[in-house]
>>> print(open('entry-v3.tsv').read())   # TSV, C-alpha atoms
chain	number	residue	atom	x	y	z
A	1	MET	CA	-1.87	-28.49	51.83
A	2	PRO	CA	-0.91	-25.00	53.14
A	3	HIS	CA	-0.44	-26.11	56.78
A	4	SER	CA	2.20	-28.66	55.69
A	5	PHE	CA	4.60	-25.95	54.55
A	6	ASN	CA	7.42	-24.63	56.69
A	7	ALA	CA	6.22	-21.38	58.24
A	8	ASP	CA	9.47	-19.44	58.62
A	9	LYS	CA	8.50	-16.93	55.97
A	10	PRO	CA	8.66	-13.68	57.97
A	11	LYS	CA	12.29	-14.20	59.01
A	12	THR	CA	13.55	-14.50	55.45
A	13	GLN	CA	11.35	-11.90	53.80
A	14	ILE	CA	13.11	-8.80	52.50
A	15	LYS	CA	11.38	-5.60	53.59
A	16	TRP	CA	10.82	-4.42	50.02
A	17	LEU	CA	7.79	-6.61	49.40
A	18	ALA	CA	4.21	-5.50	50.03
A	19	SER	CA	2.76	-9.02	50.10
A	20	ARG	CA	3.66	-12.55	51.02
A	21	THR	CA	3.57	-15.33	48.48
A	22	GLN	CA	0.41	-17.39	48.70
A	23	ASP	CA	0.61	-21.05	49.69
A	24	GLU	CA	-1.11	-21.93	46.40
A	25	TRP	CA	2.01	-20.80	44.54
A	26	LEU	CA	4.21	-23.08	46.62
A	27	ALA	CA	1.88	-26.02	46.08
A	28	LEU	CA	1.94	-25.40	42.32
A	29	VAL	CA	5.73	-25.17	41.95
A	30	VAL	CA	6.59	-27.97	44.37
A	31	ALA	CA	4.41	-30.25	42.26
A	32	ASN	CA	6.33	-29.21	39.10
A	33	PRO	CA	9.99	-29.03	40.10
A	34	ILE	CA	11.58	-29.52	36.67
A	35	GLU	CA	9.35	-27.02	34.90
A	36	LEU	CA	10.19	-24.53	37.68
A	37	LEU	CA	13.88	-25.28	37.23
A	38	ILE	CA	13.68	-24.56	33.50
A	39	ASP	CA	11.82	-21.36	34.26
A	40	HIS	CA	14.46	-20.48	36.83
A	41	ALA	CA	17.26	-20.91	34.28
A	42	HIS	CA	15.37	-18.48	32.04
A	43	CYS	CA	14.99	-16.07	34.99
A	44	GLU	CA	18.74	-16.07	35.64
A	45	ARG	CA	19.57	-15.36	31.99
A	46	LYS	CA	16.91	-12.65	31.85
A	47	ALA	CA	18.32	-11.06	35.02
A	48	ALA	CA	21.76	-11.07	33.37
A	49	GLY	CA	20.30	-9.54	30.21
A	50	ALA	CA	18.42	-6.85	32.11
A	51	ALA	CA	21.49	-5.84	34.13
A	52	LEU	CA	23.63	-5.73	30.99
A	53	GLN	CA	20.99	-3.61	29.26
A	54	LEU	CA	21.02	-1.20	32.22
A	55	MET	CA	24.82	-1.08	32.07
A	56	PHE	CA	24.65	-0.25	28.35
A	57	ARG	CA	21.96	2.39	28.76
A	58	TYR	CA	23.92	4.27	31.43
A	59	MET	CA	27.38	3.39	30.15
A	60	CYS	CA	29.07	6.62	31.13
A	61	GLU	CA	27.42	6.95	34.56
A	62	PRO	CA	30.30	6.68	37.07
A	63	GLY	CA	30.11	3.79	39.51
A	64	LEU	CA	27.45	1.83	37.65
A	65	ALA	CA	29.32	-0.54	35.30
A	66	GLU	CA	31.63	-1.52	38.18
A	67	VAL	CA	28.59	-2.86	40.04
A	68	LEU	CA	26.53	-4.24	37.18
A	69	SER	CA	29.27	-6.14	35.35
A	70	PRO	CA	30.03	-8.47	38.33
A	71	LEU	CA	26.29	-8.83	38.86
A	72	VAL	CA	25.78	-10.00	35.25
A	73	ARG	CA	28.56	-12.52	35.75
A	74	GLU	CA	26.98	-13.86	38.93
A	75	GLU	CA	23.58	-14.26	37.27
A	76	LEU	CA	25.26	-16.24	34.49
A	77	GLN	CA	27.08	-18.44	36.99
A	78	HIS	CA	23.71	-19.27	38.51
A	79	PHE	CA	22.33	-19.91	35.05
A	80	ASP	CA	25.19	-22.36	34.42
A	81	ARG	CA	24.51	-24.14	37.69
A	82	VAL	CA	20.79	-24.51	37.01
A	83	LEU	CA	21.50	-25.69	33.47
A	84	ALA	CA	23.99	-28.29	34.74
A	85	LEU	CA	21.41	-29.59	37.20
A	86	LEU	CA	18.79	-29.77	34.45
A	87	LYS	CA	21.21	-31.71	32.24
A	88	SER	CA	22.10	-34.09	35.08
A	89	ARG	CA	18.41	-34.98	35.07
A	90	GLY	CA	18.28	-35.56	31.36
A	91	ARG	CA	16.58	-32.27	30.52
A	92	TYR	CA	17.59	-29.04	28.81
A	93	LEU	CA	16.25	-25.54	28.33
A	94	GLU	CA	12.86	-25.49	26.72
A	95	PRO	CA	10.80	-22.52	25.59
A	96	LEU	CA	8.28	-21.74	28.31
A	97	GLN	CA	5.42	-19.29	28.25
A	98	SER	CA	6.40	-16.43	30.54
A	99	PRO	CA	4.01	-15.16	33.20
A	100	PRO	CA	3.03	-11.49	32.73
A	101	TYR	CA	5.12	-10.47	35.78
A	102	GLY	CA	8.25	-9.01	34.12
A	103	ALA	CA	6.43	-7.20	31.34
A	104	SER	CA	3.82	-5.77	33.74
A	105	LEU	CA	6.50	-4.55	36.12
A	106	SER	CA	8.50	-2.97	33.30
A	107	LYS	CA	5.42	-0.94	32.37
A	108	GLN	CA	5.68	0.72	35.78
A	109	ILE	CA	9.04	2.25	34.85
A	110	ARG	CA	8.57	5.93	34.09
A	111	ARG	CA	9.87	7.03	30.70
A	112	TYR	CA	11.89	10.12	31.48
A	113	GLU	CA	15.03	10.67	33.51
A	114	PRO	CA	15.83	10.88	36.34
A	115	ASP	CA	12.69	8.84	37.19
A	116	ARG	CA	13.53	6.16	34.66
A	117	MET	CA	16.83	5.21	36.27
A	118	LEU	CA	15.37	5.17	39.79
A	119	ASP	CA	12.44	2.99	38.70
A	120	SER	CA	14.78	0.65	36.82
A	121	PHE	CA	16.82	0.07	39.97
A	122	LEU	CA	13.74	-0.40	42.14
A	123	VAL	CA	11.98	-2.77	39.75
A	124	ALA	CA	15.15	-4.87	39.41
A	125	GLY	CA	15.51	-4.88	43.21
A	126	LEU	CA	11.87	-5.88	43.69
A	127	ILE	CA	12.29	-8.84	41.33
A	128	GLU	CA	15.36	-9.93	43.32
A	129	ALA	CA	13.42	-9.50	46.58
A	130	ARG	CA	10.56	-11.63	45.29
A	131	SER	CA	12.97	-14.28	44.03
A	132	HIS	CA	14.64	-14.28	47.43
A	133	GLU	CA	11.33	-14.77	49.22
A	134	ARG	CA	10.28	-17.59	46.92
A	135	MET	CA	13.65	-19.34	46.97
A	136	SER	CA	13.49	-19.25	50.76
A	137	LEU	CA	10.17	-21.06	50.55
A	138	LEU	CA	11.63	-23.61	48.14
A	139	ALA	CA	14.77	-24.08	50.24
A	140	SER	CA	12.56	-24.93	53.20
A	141	ASN	CA	9.78	-26.83	51.49
A	142	SER	CA	11.03	-28.63	48.39
A	143	PRO	CA	10.85	-32.38	48.97
A	144	ASP	CA	13.98	-32.85	46.80
A	145	PRO	CA	17.24	-32.42	48.81
A	146	GLU	CA	19.27	-31.38	45.76
A	147	LEU	CA	16.75	-28.67	44.90
A	148	ARG	CA	16.58	-27.51	48.52
A	149	GLU	CA	20.37	-27.12	48.45
A	150	LEU	CA	20.29	-25.27	45.12
A	151	TYR	CA	17.70	-22.75	46.25
A	152	ALA	CA	19.37	-22.30	49.66
A	153	ASP	CA	22.68	-21.51	47.91
A	154	LEU	CA	21.18	-19.08	45.43
A	155	LEU	CA	18.87	-17.13	47.70
A	156	ALA	CA	21.71	-15.33	49.50
A	157	SER	CA	22.76	-13.82	46.16
A	158	GLU	CA	19.23	-12.64	45.49
A	159	ALA	CA	19.29	-10.73	48.79
A	160	LYS	CA	22.74	-9.35	47.95
A	161	HIS	CA	21.58	-8.17	44.50
A	162	CYS	CA	18.55	-6.52	46.03
A	163	GLY	CA	20.84	-4.60	48.41
A	164	LEU	CA	23.04	-3.67	45.50
A	165	TYR	CA	20.18	-2.09	43.56
A	166	TRP	CA	19.16	-0.28	46.74
A	167	ARG	CA	22.64	1.21	47.10
A	168	LEU	CA	22.74	2.22	43.44
A	169	ALA	CA	19.52	4.16	44.08
A	170	GLU	CA	20.65	5.53	47.46
A	171	LYS	CA	23.77	7.11	45.94
A	172	ARG	CA	21.77	9.03	43.37
A	173	TYR	CA	18.37	9.91	44.88
A	174	GLU	CA	16.93	11.36	48.10
A	175	LYS	CA	15.98	8.64	50.56
A	176	GLU	CA	12.39	9.94	50.90
A	177	VAL	CA	11.97	9.92	47.12
A	178	ILE	CA	13.22	6.34	46.92
A	179	ILE	CA	11.04	5.06	49.75
A	180	PHE	CA	7.91	6.76	48.42
A	181	ARG	CA	8.43	5.32	44.96
A	182	LEU	CA	9.40	1.90	46.26
A	183	LYS	CA	6.16	1.68	48.24
A	184	ASN	CA	4.15	2.37	45.11
A	185	LEU	CA	6.10	-0.09	43.01
A	186	ALA	CA	5.88	-2.77	45.72
A	187	LEU	CA	2.10	-2.37	45.77
A	188	ALA	CA	2.02	-2.73	41.98
A	189	GLU	CA	4.23	-5.83	42.22
A	190	ALA	CA	1.93	-7.39	44.82
A	191	GLU	CA	-1.10	-6.58	42.67
A	192	ILE	CA	0.49	-8.27	39.63
A	193	LEU	CA	1.03	-11.44	41.68
A	194	SER	CA	-2.40	-11.38	43.31
A	195	ASN	CA	-3.85	-13.48	40.51
A	196	LEU	CA	-1.87	-16.68	40.26
A	197	HIS	CA	-0.61	-17.44	36.75
A	198	PRO	CA	-1.83	-20.96	35.89
A	199	GLU	CA	1.66	-22.28	35.01
A	200	PRO	CA	4.35	-23.12	37.60
A	201	ARG	CA	6.83	-20.26	37.34
A	202	MET	CA	9.19	-18.46	39.70
A	203	HIS	CA	7.11	-15.32	39.21
A	204	SER	CA	3.67	-16.78	38.53
B	1	MET	CA	57.16	5.39	10.83
B	2	PRO	CA	56.22	1.85	9.58
B	3	HIS	CA	59.79	0.53	9.76
B	4	SER	CA	59.98	1.33	13.48
B	5	PHE	CA	57.26	-1.20	14.34
B	6	ASN	CA	58.03	-4.70	15.53
B	7	ALA	CA	57.63	-6.96	12.53
B	8	ASP	CA	56.52	-10.23	14.15
B	9	LYS	CA	53.04	-9.99	12.67
B	10	PRO	CA	52.89	-13.23	10.66
B	11	LYS	CA	53.62	-15.43	13.69
B	12	THR	CA	50.71	-14.11	15.71
B	13	GLN	CA	48.14	-13.77	12.95
B	14	ILE	CA	45.18	-16.12	13.10
B	15	LYS	CA	44.48	-17.84	9.80
B	16	TRP	CA	40.94	-16.47	9.54
B	17	LEU	CA	41.98	-13.04	8.30
B	18	ALA	CA	42.29	-12.12	4.63
B	19	SER	CA	44.44	-9.05	5.20
B	20	ARG	CA	47.06	-7.69	7.53
B	21	THR	CA	46.51	-4.52	9.47
B	22	GLN	CA	48.18	-1.53	7.87
B	23	ASP	CA	50.98	0.26	9.66
B	24	GLU	CA	48.94	3.46	9.45
B	25	TRP	CA	46.45	1.95	11.89
B	26	LEU	CA	49.17	1.19	14.41
B	27	ALA	CA	50.61	4.70	14.10
B	28	LEU	CA	47.14	6.17	14.70
B	29	VAL	CA	46.28	4.13	17.80
B	30	VAL	CA	49.75	4.26	19.39
B	31	ALA	CA	49.50	8.04	19.24
B	32	ASN	CA	46.12	7.94	21.03
B	33	PRO	CA	46.44	5.30	23.74
B	34	ILE	CA	43.69	6.47	26.12
B	35	GLU	CA	41.10	6.97	23.39
B	36	LEU	CA	41.92	3.46	22.18
B	37	LEU	CA	41.56	2.13	25.72
B	38	ILE	CA	38.10	3.70	26.05
B	39	ASP	CA	37.17	2.20	22.69
B	40	HIS	CA	38.51	-1.14	23.84
B	41	ALA	CA	36.33	-1.07	26.96
B	42	HIS	CA	33.34	-0.49	24.67
B	43	CYS	CA	34.50	-3.38	22.45
B	44	GLU	CA	34.62	-5.77	25.40
B	45	ARG	CA	31.12	-4.84	26.57
B	46	LYS	CA	29.80	-5.08	23.01
B	47	ALA	CA	31.39	-8.53	22.63
B	48	ALA	CA	29.66	-9.57	25.87
B	49	GLY	CA	26.36	-8.17	24.61
B	50	ALA	CA	26.65	-9.88	21.23
B	51	ALA	CA	27.43	-13.27	22.79
B	52	LEU	CA	24.53	-12.91	25.23
B	53	GLN	CA	22.24	-11.96	22.36
B	54	LEU	CA	23.35	-15.08	20.46
B	55	MET	CA	22.74	-17.18	23.58
B	56	PHE	CA	19.22	-15.73	23.89
B	57	ARG	CA	18.41	-16.20	20.21
B	58	TYR	CA	19.36	-19.89	20.23
B	59	MET	CA	18.40	-20.55	23.85
B	60	CYS	CA	17.25	-24.12	23.38
B	61	GLU	CA	20.09	-25.18	21.05
B	62	PRO	CA	22.01	-27.87	22.98
B	63	GLY	CA	25.64	-27.10	23.74
B	64	LEU	CA	25.47	-23.40	22.99
B	65	ALA	CA	24.63	-21.67	26.28
B	66	GLU	CA	27.30	-23.76	28.03
B	67	VAL	CA	29.91	-22.17	25.76
B	68	LEU	CA	28.52	-18.64	25.43
B	69	SER	CA	27.75	-17.98	29.09
B	70	PRO	CA	31.41	-18.38	30.23
B	71	LEU	CA	32.47	-16.35	27.19
B	72	VAL	CA	30.20	-13.45	28.20
B	73	ARG	CA	31.68	-13.58	31.69
B	74	GLU	CA	35.22	-13.46	30.34
B	75	GLU	CA	34.45	-10.48	28.11
B	76	LEU	CA	33.06	-8.67	31.14
B	77	GLN	CA	36.13	-9.50	33.20
B	78	HIS	CA	38.22	-7.88	30.47
B	79	PHE	CA	35.85	-4.92	30.46
B	80	ASP	CA	36.39	-4.56	34.23
B	81	ARG	CA	40.14	-4.69	33.82
B	82	VAL	CA	40.19	-2.05	31.09
B	83	LEU	CA	37.82	0.15	33.09
B	84	ALA	CA	40.04	-0.16	36.20
B	85	LEU	CA	43.08	0.87	34.17
B	86	LEU	CA	41.19	3.84	32.73
B	87	LYS	CA	40.17	4.92	36.22
B	88	SER	CA	43.73	4.54	37.52
B	89	ARG	CA	44.63	7.17	34.92
B	90	GLY	CA	41.88	9.52	35.98
B	91	ARG	CA	39.57	8.71	33.08
B	92	TYR	CA	36.26	6.89	32.65
B	93	LEU	CA	34.09	5.57	29.88
B	94	GLU	CA	33.09	8.23	27.42
B	95	PRO	CA	30.76	7.99	24.46
B	96	LEU	CA	32.86	7.47	21.32
B	97	GLN	CA	31.79	7.46	17.73
B	98	SER	CA	31.98	3.84	16.54
B	99	PRO	CA	33.73	2.97	13.30
B	100	PRO	CA	31.44	1.33	10.71
B	101	TYR	CA	33.17	-2.05	11.23
B	102	GLY	CA	30.65	-3.88	13.44
B	103	ALA	CA	27.55	-2.64	11.66
B	104	SER	CA	29.02	-3.38	8.21
B	105	LEU	CA	30.02	-6.89	9.26
B	106	SER	CA	26.60	-7.58	10.75
B	107	LYS	CA	25.04	-6.73	7.39
B	108	GLN	CA	26.91	-9.72	5.96
B	109	ILE	CA	24.93	-12.11	8.17
B	110	ARG	CA	22.33	-13.89	6.08
B	111	ARG	CA	18.79	-13.58	7.37
B	112	TYR	CA	17.50	-17.12	7.28
B	113	GLU	CA	18.51	-20.27	9.13
B	114	PRO	CA	20.65	-22.31	9.04
B	115	ASP	CA	22.83	-19.67	7.29
B	116	ARG	CA	22.13	-17.07	9.93
B	117	MET	CA	23.62	-19.08	12.77
B	118	LEU	CA	26.72	-20.03	10.78
B	119	ASP	CA	27.34	-16.44	9.71
B	120	SER	CA	26.81	-15.23	13.28
B	121	PHE	CA	29.51	-17.59	14.55
B	122	LEU	CA	31.91	-16.68	11.73
B	123	VAL	CA	31.44	-12.92	12.05
B	124	ALA	CA	31.96	-13.13	15.83
B	125	GLY	CA	35.07	-15.26	15.24
B	126	LEU	CA	36.42	-12.84	12.64
B	127	ILE	CA	36.06	-9.92	15.04
B	128	GLU	CA	37.96	-11.91	17.68
B	129	ALA	CA	40.63	-12.80	15.10
B	130	ARG	CA	41.07	-9.15	14.11
B	131	SER	CA	41.19	-8.09	17.76
B	132	HIS	CA	43.83	-10.75	18.36
B	133	GLU	CA	45.94	-9.54	15.44
B	134	ARG	CA	45.72	-5.91	16.55
B	135	MET	CA	46.35	-6.64	20.23
B	136	SER	CA	49.47	-8.56	19.17
B	137	LEU	CA	50.65	-5.42	17.39
B	138	LEU	CA	49.91	-3.31	20.45
B	139	ALA	CA	51.57	-5.80	22.82
B	140	SER	CA	54.72	-5.55	20.72
B	141	ASN	CA	54.65	-1.89	19.80
B	142	SER	CA	52.94	0.19	22.47
B	143	PRO	CA	55.51	2.49	24.11
B	144	ASP	CA	53.63	2.18	27.44
B	145	PRO	CA	54.70	-0.92	29.46
B	146	GLU	CA	51.37	-1.17	31.31
B	147	LEU	CA	49.44	-1.13	28.05
B	148	ARG	CA	51.82	-3.65	26.48
B	149	GLU	CA	51.14	-5.97	29.42
B	150	LEU	CA	47.38	-5.43	29.19
B	151	TYR	CA	47.21	-6.25	25.50
B	152	ALA	CA	49.58	-9.20	25.86
B	153	ASP	CA	47.35	-10.64	28.60
B	154	LEU	CA	44.11	-10.15	26.68
B	155	LEU	CA	45.17	-11.33	23.25
B	156	ALA	CA	45.35	-15.00	24.28
B	157	SER	CA	41.64	-14.87	25.14
B	158	GLU	CA	40.83	-13.35	21.76
B	159	ALA	CA	42.48	-16.34	20.08
B	160	LYS	CA	40.66	-18.71	22.42
B	161	HIS	CA	37.29	-17.09	21.65
B	162	CYS	CA	37.98	-17.30	17.95
B	163	GLY	CA	38.64	-21.06	18.31
B	164	LEU	CA	35.48	-21.39	20.33
B	165	TYR	CA	33.32	-19.85	17.60
B	166	TRP	CA	35.05	-22.11	15.10
B	167	ARG	CA	34.15	-25.20	17.13
B	168	LEU	CA	30.55	-24.04	17.54
B	169	ALA	CA	30.36	-23.87	13.74
B	170	GLU	CA	32.28	-27.12	13.19
B	171	LYS	CA	29.82	-29.09	15.31
B	172	ARG	CA	26.85	-27.95	13.27
B	173	TYR	CA	27.99	-27.45	9.66
B	174	GLU	CA	30.02	-29.25	6.98
B	175	LYS	CA	33.64	-28.19	7.01
B	176	GLU	CA	33.61	-27.24	3.31
B	177	VAL	CA	30.54	-25.06	3.85
B	178	ILE	CA	32.21	-23.28	6.77
B	179	ILE	CA	35.49	-22.69	4.93
B	180	PHE	CA	33.80	-21.41	1.79
B	181	ARG	CA	31.67	-18.98	3.76
B	182	LEU	CA	34.54	-17.92	6.00
B	183	LYS	CA	36.65	-17.01	2.98
B	184	ASN	CA	33.90	-14.75	1.70
B	185	LEU	CA	33.30	-13.13	5.05
B	186	ALA	CA	37.04	-12.64	5.61
B	187	LEU	CA	37.27	-10.84	2.27
B	188	ALA	CA	34.35	-8.63	3.25
B	189	GLU	CA	36.02	-7.92	6.61
B	190	ALA	CA	39.28	-6.96	4.91
B	191	GLU	CA	37.38	-4.72	2.49
B	192	ILE	CA	35.63	-2.93	5.38
B	193	LEU	CA	39.03	-2.18	6.97
B	194	SER	CA	40.72	-1.18	3.72
B	195	ASN	CA	39.73	2.44	4.24
B	196	LEU	CA	41.06	3.57	7.57
B	197	HIS	CA	38.43	5.17	9.80
B	198	PRO	CA	39.80	8.61	10.80
B	199	GLU	CA	39.42	8.03	14.57
B	200	PRO	CA	41.74	5.77	16.62
B	201	ARG	CA	39.65	2.66	17.29
B	202	MET	CA	40.37	-1.03	17.78
B	203	HIS	CA	38.45	-1.70	14.55
B	204	SER	CA	39.07	1.49	12.61
>>> encode(input="entry-v3.tsv", output="structure tokens")
Amino acid sequence: MPHSFNADKPKTQIKWLASRTQDEWLALVVANPIELLIDHAHCERKAAGAALQLMFRYMCEPGLAEVLSPLVREELQHFDRVLALLKSRGRYLEPLQSPPYGASLSKQIRRYEPDRMLDSFLVAGLIEARSHERMSLLASNSPDPELRELYADLLASEAKHCGLYWRLAEKRYEKEVIIFRLKNLALAEAEILSNLHPEPRMHS
Amino acid sequence: MPHSFNADKPKTQIKWLASRTQDEWLALVVANPIELLIDHAHCERKAAGAALQLMFRYMCEPGLAEVLSPLVREELQHFDRVLALLKSRGRYLEPLQSPPYGASLSKQIRRYEPDRMLDSFLVAGLIEARSHERMSLLASNSPDPELRELYADLLASEAKHCGLYWRLAEKRYEKEVIIFRLKNLALAEAEILSNLHPEPRMHS
């Protein structure tokens, strides 16, 4: 199966990531498009929730709410679009078992400031980068034209959000400090994904 | 001072409320416009957070996310507008001591379903109704034209949101059950506001 997939991965991969998604992941999710779509709706709402939580935690930090509030709105617009597509196919949101990805990544966030804020930005950016990489794969390889279009439309925003978290970090921390920490977190992210979660999920 | 305020309160008051705002409140907030504006920005973000929390809690309830997701976005647009106005006056968000209003109202929400969902809708609607009533007062009585315009623009949304929570309830509960419970909650809300919080707040 792997050789049948479109191979334009390197072009679309954001530099944040320390590993490429395995072909086994693509095979798993392409075979389960609706379950992936439901999971994706949950991912968009969780991304909105995480950004809002960050906005609340650092409410009085100048220049943060102005960036995070539009980001929350965009995540919710994507959520609405995925939900509408699900409904057009006679489905709705269903509770799905989450892969350990988000919780494991959150554990990497150091507990005390200023490290906590930097890690929060970088972890959020890494999740966006991974979503971007995987949506690129889906946009190129999903056999369903409507799903290809959906993922192609959404992946540009994932890249934009990733850049946005980068700039939030860049304005507040030394570049060397950010890059050093990002490398470590990217390795942890790759390690978390090295064992494929048995269910078809965006971050399995 | 009371007689100097515009008296068109009854026309703009939503029927949910069991009491009218006292003139002392208006005198307090009109004398502290920037502090009220900062509080208002916090109110908008809290309204967004509460609606998102409700959306998460009842994620798989059909017809709910479709209503709450656009509502969260609208609250955040208002937050952005208030924040921009604050910044144009050389201020930013600051931590403010909250009045006991929100926490006291939340305590009225019964803990078990299906009561919990109904109470959540009605409490959210009551807060919108009170905001609408108070923004009407500010739109008519603020001495600052820019603030009058702001509150006049936002108050229509407060009424719309109130109607939206009403319809969410109406689709899921018997009308008599809703009205009976709303009357009780409205009395509790009026009781909470009967002692004016000493700080100038939207819900003091």
>>> closest_atom_pairs(input="entry-v3.tsv", of="chain B", to="chain A", cutoff="8 Å", atoms="all atoms listed in the file", output="Markdown table")
| residue | atom | partner | partner_atom | distance |
| --- | --- | --- | --- | --- |
| B:Gly49 | CA | A:Leu52 | CA | 7.4 |
| B:Leu52 | CA | A:Gly49 | CA | 7.4 |
| B:Met59 | CA | A:Leu93 | CA | 7.0 |
| B:Cys60 | CA | A:Leu93 | CA | 5.2 |
| B:Pro62 | CA | A:Tyr92 | CA | 7.4 |
| B:Glu66 | CA | A:Asp80 | CA | 6.9 |
| B:Ser69 | CA | A:Leu76 | CA | 6.2 |
| B:Pro70 | CA | A:Leu76 | CA | 7.8 |
| B:Val72 | CA | A:Arg73 | CA | 7.8 |
| B:Arg73 | CA | A:Arg73 | CA | 5.2 |
| B:Leu76 | CA | A:Ser69 | CA | 6.2 |
| B:Gln77 | CA | A:Ser69 | CA | 7.9 |
| B:Asp80 | CA | A:Glu66 | CA | 6.9 |
| B:Tyr92 | CA | A:Cys60 | CA | 7.4 |
| B:Leu93 | CA | A:Cys60 | CA | 5.3 |
| B:Glu94 | CA | A:Cys60 | CA | 5.7 |
| B:Pro95 | CA | A:Cys60 | CA | 7.0 |
>>> residues_around(input="entry-v3.tsv", residues="range 106-123 of chain A", least_positions_apart="5", cutoff="10 Å", atoms="all atoms listed in the file", output="mmCIF file with C-alpha atoms, in the frame of the given file")
data_model
loop_
_atom_site.group_PDB
_atom_site.id
_atom_site.type_symbol
_atom_site.label_atom_id
_atom_site.label_comp_id
_atom_site.auth_asym_id
_atom_site.auth_seq_id
_atom_site.Cartn_x
_atom_site.Cartn_y
_atom_site.Cartn_z
ATOM 1 C CA TRP A 16 10.820 -4.420 50.020
ATOM 2 C CA ALA A 50 18.420 -6.850 32.110
ATOM 3 C CA ALA A 51 21.490 -5.840 34.130
ATOM 4 C CA LEU A 54 21.020 -1.200 32.220
ATOM 5 C CA ARG A 57 21.960 2.390 28.760
ATOM 6 C CA TYR A 58 23.920 4.270 31.430
ATOM 7 C CA TYR A 101 5.120 -10.470 35.780
ATOM 8 C CA GLU A 128 15.360 -9.930 43.320
ATOM 9 C CA ALA A 129 13.420 -9.500 46.580
ATOM 10 C CA CYS A 162 18.550 -6.520 46.030
ATOM 11 C CA LEU A 164 23.040 -3.670 45.500
ATOM 12 C CA TYR A 165 20.180 -2.090 43.560
ATOM 13 C CA TRP A 166 19.160 -0.280 46.740
ATOM 14 C CA ARG A 167 22.640 1.210 47.100
ATOM 15 C CA LEU A 168 22.740 2.220 43.440
ATOM 16 C CA ALA A 169 19.520 4.160 44.080
ATOM 17 C CA GLU A 170 20.650 5.530 47.460
ATOM 18 C CA ARG A 172 21.770 9.030 43.370
ATOM 19 C CA TYR A 173 18.370 9.910 44.880
ATOM 20 C CA VAL A 177 11.970 9.920 47.120
ATOM 21 C CA ILE A 178 13.220 6.340 46.920
ATOM 22 C CA ILE A 179 11.040 5.060 49.750
ATOM 23 C CA ARG A 181 8.430 5.320 44.960
ATOM 24 C CA LEU A 182 9.400 1.900 46.260
ATOM 25 C CA LYS A 183 6.160 1.680 48.240
ATOM 26 C CA ASN A 184 4.150 2.370 45.110
ATOM 27 C CA LEU A 185 6.100 -0.090 43.010
ATOM 28 C CA ALA A 186 5.880 -2.770 45.720
ATOM 29 C CA ALA A 188 2.020 -2.730 41.980
ATOM 30 C CA GLU A 189 4.230 -5.830 42.220
#
>>> residues_around(input="entry-v3.tsv", residues="Leu96 in chain B", least_positions_apart="5", cutoff="10 Å", atoms="only C-alpha atoms", output="PyMOL selection string")
chain B and resi 35-36+38-39+42+199+201
>>> residues_around(input="entry-v3.tsv", residues="Arg148 in chain A", least_positions_apart="2", cutoff="12 Å", atoms="only C-alpha atoms", output="list in words")
Val30, Pro33, Leu37, Arg134, Met135, Ser136, Leu137, Leu138, Ala139, Ser140, Asn141, Ser142, Pro143, Asp144, Pro145, Glu146, Leu150, Tyr151, Ala152, Asp153, Leu154 and Leu155 of chain A
>>> closest_residue(input="entry-v3.tsv", among="B:Glu149, B:Glu176, B:Glu24, B:Glu158", to="Ser204 in chain B", atoms="only C-alpha atoms")
B:Glu24
>>> closest_residue(input="entry-v3.tsv", among="A:Thr21, A:Gly102, A:Ile127, A:Ala41", to="Lys87 in chain A", atoms="only C-alpha atoms")
A:Ala41
>>> atom_distance(input="entry-v3.tsv", atom1="CA of Gly90 in chain A", atom2="CA of Ala31 in chain A")
18.4 Å
>>> atom_distance(input="entry-v3.tsv", atom1="CA of Glu191 in chain B", atom2="CA of Leu147 in chain B")
28.5 Å
>>> closest_residue(input="entry-v3.tsv", among="A:Leu86, A:Lys15, A:Gly163, A:Pro99", to="Pro200 in chain A", atoms="only C-alpha atoms")
A:Pro99
>>> atom_distance(input="entry-v3.tsv", atom1="CA of Ser88 in chain A", atom2="CA of Ile34 in chain A")
11.6 Å
>>> closest_residue(input="entry-v3.tsv", among="B:Ala103, B:Ala27, B:Arg89, B:Ser131", to="Lys160 in chain B", atoms="only C-alpha atoms")
B:Ser131
>>> decode(input="entry-v3.tsv", residues="range 134-148 of chain B", atoms="C-alpha atoms", output="compact mmCIF listing (two decimals), in the first residue's frame")
# COMPACT_ATOMS: atom_id res chain seq x y z
CA ARG B 134 -27.61 47.56 31.54
CA MET B 135 -26.13 48.25 28.10
CA SER B 136 -29.42 49.96 27.19
CA LEU B 137 -28.96 52.21 30.20
CA LEU B 138 -25.37 52.95 29.19
CA ALA B 139 -26.31 53.55 25.54
CA SER B 140 -28.82 56.15 26.71
CA ASN B 141 -26.93 57.68 29.60
CA SER B 142 -23.19 57.50 29.07
CA PRO B 143 -21.80 61.03 28.63
CA ASP B 144 -19.15 59.68 26.22
CA PRO B 145 -20.44 59.43 22.59
CA GLU B 146 -18.00 56.64 21.66
CA LEU B 147 -19.11 54.55 24.62
CA ARG B 148 -22.78 55.25 23.89
